[in-house]
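Undergrad: Dropping the structure in here first, questions after.
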Amino acid sequence: MSNLIRYVRRRLGWKLFVSHFIVVLVGMVVLVSAMEYSMPNAFEHHMAAMAAAMQADSPALAKDLFTNFHRAVNESLAFSLPAAFLVAIVVSTLVSRQIVKPVRCIMITSRRIAEGHYSDRVGLPQLHNQDNLDELGHLAISFNQMAARLEQIETTRRQLIGDVAHELRTPLTTIKGYLEGLMDNVVPADASTFERMYHEAERLQRLVHDLQELSRVEGGAIEMRPQPITVAQLVNTAVARLNYQFKEKEVELATEVSENLPAVRADEGRIGQVLLNLLGNALQYTPSGGRVLISARQCGAEIQIKVSDSGIGISAEHLPLIFTHFYRVDRSRSRTGGGTGVGLTIARHLVEAHGGRIWAESAGPGMGSTFTFTLPVASL
């Protein structure tokens, strides 16, 4: 008996069947009990009306009629109750199967996805309107959405591994080539050779640092210390750090930030990192003689900070992907400039961690680009 109970507990279909069976059984008991309780009173009531109509009052006749009536009711119940019981079993089985079928399908698909088959989906009925779906149908839709998201994450993970391997391969190949040349006395062991090797090793170190930073930011493991700070202070600090590089490349760096803007609530170091990243990108993609402008304005309960440049611009198809890992608009130019391709991804996570948004706009190639991010106004 304990094994049977354990078996039923592990099967949703049997649980539904047993629950339907109990409902039917209780209904039958209530039906029989109600008939036994109400039948004598009802019979006497109808017999009194019939005796008045027949001008007769015989206790023996009434008792005989009641006995025959009771026997007829029992005979009808003896036939109808088993019939109803069998029909209830059939209906309960069919209903249980219809309910369990999509649940079992979700269970099988979830196991397939757990094994790595991320493209598997739960089948849905062909309905013109999803409002006609029941809770199980909506559960299947939610499950498919979850599976699609997992597939997207897995695709991103594989692409990330490939991109990291590609980024590591280039400097490692260069360093290895120089070392082989040094061992074969093909490359001179002078300052120029070691400087190039040092440059490639520095690039590797920068990539590893950015990957560690990206991992911490995406995992929410960074420590944030937001406090009220003026936008002018944030911008001036970033400009001071990169002013020399802009002058060296002969790119104008201008600011339009009012001192009257309300303070924002932000971690100065982290938002400074975002500004440095955006300014570095603007400098990298703006040719000599170009211009980069930092501006800020208040929009409701947030401050919009913009970094606009007169650089190479971004095509419309690249804009939705610009903040993904290792995505580059111009791979050759980025690789020469030494970018790791994760700076904008880190910037997006840092801005979102502050409760803000970040996006890019461009009129097209050669028309420059504008990166905008928002920060919440510090509450007084």
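Going through the structure tokens in order, the chains are called A, B, and so on, while each chain numbers its residues from 1 and the ligands are numbered from 1 in the order shown.
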Write out as a ChimeraX atom specification the residues lying within 10 Å of Glu302 of chain A, counting only C-alpha atoms and excluding same-chain residues fewer than 5 positions away.
TA: /A:262-265,297,355-356,373-378
Undergrad: Pick out the residues sitting within 12 Å of Ala240 of chain A, and hand them over as a list in words; count only C-alpha atoms, and ignore anything fewer than 6 positions along from it in its own chain.
TA: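 Everything that qualifies: Ala232, Gln233, Leu234, Phe246, Lys247, Leu253, Ala254, Thr255, Gly272, Leu275, Leu276 and Leu279 of chain A.
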Undergrad: Based on the selection just made, write all heavy atoms of those residues as a PDB file, in the first residue's frame.
TA:
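Saved as result_10.pdb:
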```pdb
ATOM      1  N   ALA A 232      29.388  69.086 -13.295  1.00  0.00           N
ATOM      2  CA  ALA A 232      30.568  69.838 -13.705  1.00  0.00           C
ATOM      3  C   ALA A 232      31.840  69.232 -13.116  1.00  0.00           C
ATOM      4  O   ALA A 232      32.879  69.145 -13.790  1.00  0.00           O
ATOM      5  CB  ALA A 232      30.420  71.296 -13.268  1.00  0.00           C
ATOM      6  N   GLN A 233      31.770  68.759 -11.867  1.00  0.00           N
ATOM      7  CA  GLN A 233      32.938  68.146 -11.242  1.00  0.00           C
ATOM      8  C   GLN A 233      33.324  66.848 -11.946  1.00  0.00           C
ATOM      9  O   GLN A 233      34.506  66.583 -12.181  1.00  0.00           O
ATOM     10  CB  GLN A 233      32.661  67.886  -9.761  1.00  0.00           C
ATOM     11  CG  GLN A 233      33.829  67.264  -9.002  1.00  0.00           C
ATOM     12  CD  GLN A 233      33.514  67.055  -7.528  1.00  0.00           C
ATOM     13  OE1 GLN A 233      32.545  67.615  -7.001  1.00  0.00           O
ATOM     14  NE2 GLN A 233      34.319  66.241  -6.862  1.00  0.00           N
ATOM     15  N   LEU A 234      32.316  66.028 -12.284  1.00  0.00           N
ATOM     16  CA  LEU A 234      32.579  64.782 -12.995  1.00  0.00           C
ATOM     17  C   LEU A 234      33.241  65.053 -14.341  1.00  0.00           C
ATOM     18  O   LEU A 234      34.236  64.416 -14.707  1.00  0.00           O
ATOM     19  CB  LEU A 234      31.272  64.006 -13.202  1.00  0.00           C
ATOM     20  CG  LEU A 234      30.644  63.335 -11.979  1.00  0.00           C
ATOM     21  CD1 LEU A 234      29.246  62.850 -12.305  1.00  0.00           C
ATOM     22  CD2 LEU A 234      31.507  62.175 -11.499  1.00  0.00           C
ATOM     23  N   PHE A 246      44.149  64.741 -26.123  1.00  0.00           N
ATOM     24  CA  PHE A 246      43.397  65.462 -27.154  1.00  0.00           C
ATOM     25  C   PHE A 246      44.279  66.510 -27.836  1.00  0.00           C
ATOM     26  O   PHE A 246      44.230  66.671 -29.061  1.00  0.00           O
ATOM     27  CB  PHE A 246      42.159  66.118 -26.526  1.00  0.00           C
ATOM     28  CG  PHE A 246      40.968  65.214 -26.450  1.00  0.00           C
ATOM     29  CD1 PHE A 246      40.815  64.326 -25.386  1.00  0.00           C
ATOM     30  CD2 PHE A 246      39.987  65.222 -27.439  1.00  0.00           C
ATOM     31  CE1 PHE A 246      39.724  63.483 -25.308  1.00  0.00           C
ATOM     32  CE2 PHE A 246      38.888  64.382 -27.364  1.00  0.00           C
ATOM     33  CZ  PHE A 246      38.744  63.511 -26.301  1.00  0.00           C
ATOM     34  N   LYS A 247      45.073  67.213 -27.047  1.00  0.00           N
ATOM     35  CA  LYS A 247      45.951  68.222 -27.632  1.00  0.00           C
ATOM     36  C   LYS A 247      47.015  67.571 -28.509  1.00  0.00           C
ATOM     37  O   LYS A 247      47.371  68.092 -29.566  1.00  0.00           O
ATOM     38  CB  LYS A 247      46.615  69.036 -26.520  1.00  0.00           C
ATOM     39  CG  LYS A 247      45.675  70.003 -25.825  1.00  0.00           C
ATOM     40  CD  LYS A 247      46.405  70.818 -24.774  1.00  0.00           C
ATOM     41  CE  LYS A 247      45.469  71.831 -24.120  1.00  0.00           C
ATOM     42  NZ  LYS A 247      46.154  72.641 -23.072  1.00  0.00           N
ATOM     43  N   LEU A 253      38.569  69.589 -27.561  1.00  0.00           N
ATOM     44  CA  LEU A 253      37.705  69.035 -26.518  1.00  0.00           C
ATOM     45  C   LEU A 253      36.995  70.194 -25.830  1.00  0.00           C
ATOM     46  O   LEU A 253      37.632  71.012 -25.152  1.00  0.00           O
ATOM     47  CB  LEU A 253      38.523  68.233 -25.510  1.00  0.00           C
ATOM     48  CG  LEU A 253      37.760  67.623 -24.332  1.00  0.00           C
ATOM     49  CD1 LEU A 253      36.637  66.711 -24.817  1.00  0.00           C
ATOM     50  CD2 LEU A 253      38.699  66.855 -23.402  1.00  0.00           C
ATOM     51  N   ALA A 254      35.681  70.282 -26.026  1.00  0.00           N
ATOM     52  CA  ALA A 254      34.894  71.385 -25.476  1.00  0.00           C
ATOM     53  C   ALA A 254      33.845  70.850 -24.519  1.00  0.00           C
ATOM     54  O   ALA A 254      33.441  69.683 -24.590  1.00  0.00           O
ATOM     55  CB  ALA A 254      34.229  72.169 -26.607  1.00  0.00           C
ATOM     56  N   THR A 255      33.393  71.708 -23.605  1.00  0.00           N
ATOM     57  CA  THR A 255      32.358  71.337 -22.640  1.00  0.00           C
ATOM     58  C   THR A 255      31.273  72.401 -22.613  1.00  0.00           C
ATOM     59  O   THR A 255      31.557  73.595 -22.766  1.00  0.00           O
ATOM     60  CB  THR A 255      32.943  71.172 -21.227  1.00  0.00           C
ATOM     61  OG1 THR A 255      33.493  72.419 -20.799  1.00  0.00           O
ATOM     62  CG2 THR A 255      34.018  70.100 -21.196  1.00  0.00           C
ATOM     63  N   GLY A 272      33.161  58.370 -13.528  1.00  0.00           N
ATOM     64  CA  GLY A 272      34.366  58.878 -14.177  1.00  0.00           C
ATOM     65  C   GLY A 272      34.924  57.873 -15.156  1.00  0.00           C
ATOM     66  O   GLY A 272      35.407  58.227 -16.244  1.00  0.00           O
ATOM     67  N   LEU A 275      32.833  58.121 -18.315  1.00  0.00           N
ATOM     68  CA  LEU A 275      33.193  59.302 -19.101  1.00  0.00           C
ATOM     69  C   LEU A 275      34.538  59.111 -19.799  1.00  0.00           C
ATOM     70  O   LEU A 275      34.700  59.470 -20.980  1.00  0.00           O
ATOM     71  CB  LEU A 275      33.244  60.529 -18.191  1.00  0.00           C
ATOM     72  CG  LEU A 275      31.910  61.233 -17.931  1.00  0.00           C
ATOM     73  CD1 LEU A 275      32.067  62.278 -16.840  1.00  0.00           C
ATOM     74  CD2 LEU A 275      31.367  61.865 -19.206  1.00  0.00           C
ATOM     75  N   LEU A 276      35.506  58.555 -19.095  1.00  0.00           N
ATOM     76  CA  LEU A 276      36.815  58.313 -19.705  1.00  0.00           C
ATOM     77  C   LEU A 276      36.704  57.352 -20.875  1.00  0.00           C
ATOM     78  O   LEU A 276      37.374  57.522 -21.906  1.00  0.00           O
ATOM     79  CB  LEU A 276      37.788  57.761 -18.661  1.00  0.00           C
ATOM     80  CG  LEU A 276      38.273  58.746 -17.597  1.00  0.00           C
ATOM     81  CD1 LEU A 276      39.112  58.028 -16.553  1.00  0.00           C
ATOM     82  CD2 LEU A 276      39.064  59.882 -18.230  1.00  0.00           C
ATOM     83  N   LEU A 279      34.972  59.285 -23.784  1.00  0.00           N
ATOM     84  CA  LEU A 279      35.902  60.265 -24.349  1.00  0.00           C
ATOM     85  C   LEU A 279      37.048  59.574 -25.085  1.00  0.00           C
ATOM     86  O   LEU A 279      37.492  60.053 -26.142  1.00  0.00           O
ATOM     87  CB  LEU A 279      36.459  61.155 -23.232  1.00  0.00           C
ATOM     88  CG  LEU A 279      35.495  62.185 -22.648  1.00  0.00           C
ATOM     89  CD1 LEU A 279      36.112  62.869 -21.434  1.00  0.00           C
ATOM     90  CD2 LEU A 279      35.092  63.209 -23.696  1.00  0.00           C
TER      91      LEU A 279
END
```
Undergrad: Rounded to one decimal in Å, what is the spacing between atom CA of Arg206 of chain A and atom CA of Glu248 of chain A?
TA: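 The value is 22.3 Å.
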Undergrad: So how far away is atom CA of Val239 of chain A from atom CA of Ser308 of chain A, in Å?
TA: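 Pair atom CA of Ser308 of chain A / atom CA of Val239 of chain A returns 13.9 Å.
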Undergrad: Could you give me, as a PDB file with N, CA and C atoms, in the first residue's frame, the residues within 7 Å of segment 359-369 of chain A, counting only C-alpha atoms and dropping anything in the same chain fewer than 5 positions from it?
TA:
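Result saved to out.pdb:
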```
ATOM      1  N   SER A 308      29.581  64.025 -27.790  1.00  0.00           N
ATOM      2  CA  SER A 308      29.398  64.081 -29.247  1.00  0.00           C
ATOM      3  C   SER A 308      30.737  64.303 -29.918  1.00  0.00           C
ATOM      4  N   ASP A 309      30.942  63.657 -31.060  1.00  0.00           N
ATOM      5  CA  ASP A 309      32.191  63.826 -31.805  1.00  0.00           C
ATOM      6  C   ASP A 309      31.903  64.029 -33.280  1.00  0.00           C
ATOM      7  N   SER A 310      32.900  64.500 -33.990  1.00  0.00           N
ATOM      8  CA  SER A 310      32.793  64.705 -35.442  1.00  0.00           C
ATOM      9  C   SER A 310      33.580  63.633 -36.173  1.00  0.00           C
ATOM     10  N   GLY A 311      33.598  62.432 -35.600  1.00  0.00           N
ATOM     11  CA  GLY A 311      34.423  61.349 -36.126  1.00  0.00           C
ATOM     12  C   GLY A 311      33.803  60.586 -37.273  1.00  0.00           C
ATOM     13  N   ILE A 312      34.143  59.292 -37.333  1.00  0.00           N
ATOM     14  CA  ILE A 312      33.789  58.469 -38.498  1.00  0.00           C
ATOM     15  C   ILE A 312      32.321  58.079 -38.513  1.00  0.00           C
ATOM     16  N   GLY A 313      31.608  58.236 -37.403  1.00  0.00           N
ATOM     17  CA  GLY A 313      30.189  57.896 -37.357  1.00  0.00           C
ATOM     18  C   GLY A 313      29.944  56.405 -37.267  1.00  0.00           C
ATOM     19  N   ILE A 314      28.684  56.049 -37.127  1.00  0.00           N
ATOM     20  CA  ILE A 314      28.285  54.654 -36.969  1.00  0.00           C
ATOM     21  C   ILE A 314      27.096  54.381 -37.884  1.00  0.00           C
ATOM     22  N   SER A 315      27.137  53.283 -38.612  1.00  0.00           N
ATOM     23  CA  SER A 315      26.006  52.903 -39.462  1.00  0.00           C
ATOM     24  C   SER A 315      24.825  52.469 -38.607  1.00  0.00           C
ATOM     25  N   ALA A 316      23.624  52.598 -39.166  1.00  0.00           N
ATOM     26  CA  ALA A 316      22.405  52.297 -38.408  1.00  0.00           C
ATOM     27  C   ALA A 316      22.371  50.851 -37.942  1.00  0.00           C
ATOM     28  N   LEU A 319      24.270  50.325 -34.518  1.00  0.00           N
ATOM     29  CA  LEU A 319      23.860  51.006 -33.291  1.00  0.00           C
ATOM     30  C   LEU A 319      23.268  50.076 -32.233  1.00  0.00           C
TER      31      LEU A 319
END
```
Undergrad: Interatomic distance between atom CA of Glu256 of chain A and atom CA of Ile305 of chain A?
TA: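 Going from atom CA of Glu256 of chain A over to atom CA of Ile305 of chain A covers 10.0 Å.
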Undergrad: From a DSSP calculation on the backbone, collect every residue of segment 68-317 of chain A in strand (DSSP E) and output the set as a PyMOL selection string.
TA: chain A and resi 227-229+252-256+264-266+291-299+302-309
Undergrad: For a quick check of understanding, using only C-alpha atoms, which of A:Pro102, A:Gly137, A:Leu160, A:Phe323 has the smallest distance to Ser215 of chain A?
TA: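 Distance minimum relative to Ser215 of chain A lands on A:Leu160.
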